[in-house]
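Have a look at the structure below before the remarks.
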Amino acid sequence: MTDDERMVANRKARHDKKEAYLRAIYDRNIERFRATAGQNPIVVANETHAAMDAVIRQDQLKDPASAGIRCGKGCSHCCHESVAIWPHEAALLIEAMHKTGREPDRSRLERQSTFTVENWRQQAQADRACVFLGADGACTVYEFRPNVCRKLLVVTDPALCDATHQQPDSVGRWFSWEAELMESAALEVFGASLMPQALLAALNAKD
């Protein structure tokens, strides 16, 4: 075997090992979520959010690059984009609001629900905003925010996250691959829909 062939073989072995490692994480989460069938969806959502936070904290401690994360209170460009969540998360969000005597803006949810990922940005700027986004640019349900929001962490200037003026590939993200795989598994097992449709379904189930 030549040096070049050996190098190619080693590279393939590393790739295969990494792929097997990531597949094992994904499969483990698939089994875990399937095992929650019949359990209280709000409890499942809370426990999964806690697990997501733990994974992200663990990976941040291992990766010095995480020190460059720029996300902070009031930075809300991503809160104007389409977001897919699972039904358990929708139920948790509605429950959290009801406990404080509040309810999301149904009329805006109904308007938003007529849009898809492809045409989301065709809405008026105000209508594109998440119904949980406060006037100060902060999330009003931060403790109960979906996993897709928990794992979206940016290391570039937050101004670059404004998709109406910047190219999406200008944003640099910090990734926890285990967190990404956990969310992918949750969406696979529980199903997913854009937040407006999911919240309206949860509201109707609550009424």
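Residues in the structure tokens are numbered from 1 in each chain, the chains being A, B, ... in the order shown, and ligands are numbered from 1 in the order shown.
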Neighbours of Ala96 in chain A within 8 Å (only C-alpha atoms; same-chain residues fewer than 3 positions away dropped), as a PDB file with N, CA and C atoms, in the first residue's frame?
```pdb
ATOM      1  N   LEU A  92     -46.635  22.399  26.100  1.00  0.00           N
ATOM      2  CA  LEU A  92     -45.908  23.015  27.212  1.00  0.00           C
ATOM      3  C   LEU A  92     -45.997  24.534  27.156  1.00  0.00           C
ATOM      4  N   LEU A  93     -45.837  25.106  25.974  1.00  0.00           N
ATOM      5  CA  LEU A  93     -45.892  26.564  25.828  1.00  0.00           C
ATOM      6  C   LEU A  93     -47.271  27.109  26.195  1.00  0.00           C
ATOM      7  N   LYS A  99     -50.837  29.342  32.883  1.00  0.00           N
ATOM      8  CA  LYS A  99     -50.525  29.456  34.308  1.00  0.00           C
ATOM      9  C   LYS A  99     -50.269  30.897  34.723  1.00  0.00           C
ATOM     10  N   THR A 100     -49.926  31.753  33.762  1.00  0.00           N
ATOM     11  CA  THR A 100     -49.701  33.167  34.066  1.00  0.00           C
ATOM     12  C   THR A 100     -50.899  34.022  33.656  1.00  0.00           C
ATOM     13  N   VAL A 141     -41.251  33.553  27.168  1.00  0.00           N
ATOM     14  CA  VAL A 141     -41.404  32.184  27.694  1.00  0.00           C
ATOM     15  C   VAL A 141     -40.037  31.492  27.657  1.00  0.00           C
ATOM     16  N   PHE A 144     -39.311  28.043  28.856  1.00  0.00           N
ATOM     17  CA  PHE A 144     -40.044  26.960  28.194  1.00  0.00           C
ATOM     18  C   PHE A 144     -39.831  26.946  26.674  1.00  0.00           C
TER      19      PHE A 144
END
```
Val55 in chain A: which residues within 8 Å, counting only C-alpha atoms, same-chain residues fewer than 6 positions away excluded, as a list in words?
Ser176, Glu178 and Ala179 of chain A
Could you go through range 103-187 of chain A and tell me which residues DSSP, when run on the backbone, assigns to helix (DSSP H, G or I), listing them as a PyMOL selection string? chain A and resi 106-112+120-122+125-128+142-144+147-150+158-161+168-170+177-187
Measuring atom to atom with only C-alpha atoms, identify which of A:Gly72, A:His165, A:Ala159, A:Ser82 is nearest to Asn119 in chain A.
->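 Distance minimum relative to Asn119 in chain A lands on A:Ser82.
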Polymer residues at most 12 Å from Ser76 in chain A, only C-alpha atoms, same-chain spacing of 4 or more positions, as a PyMOL selection string: chain A and resi 70-72+80-81+128-130+132-140+149+152+154+158-163
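If only C-alpha atoms are the atoms counted, then among A:Gln197, A:Thr48, A:Thr156, A:Gln60 the closest residue to Asp169 in chain A is A:Thr156.
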- Give me the residues within 12 Å of Asn40 in chain A as an NGL selection string, counting only C-alpha atoms and dropping any in the same chain fewer than 4 places off. :A and (36 or 44-47 or 87-89 or 91-92)
What does the structure give for the distance between CA of Arg23 in chain A and CA of Gly172 in chain A, in Å to one decimal?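 Pair CA of Arg23 in chain A / CA of Gly172 in chain A returns 24.8 Å.
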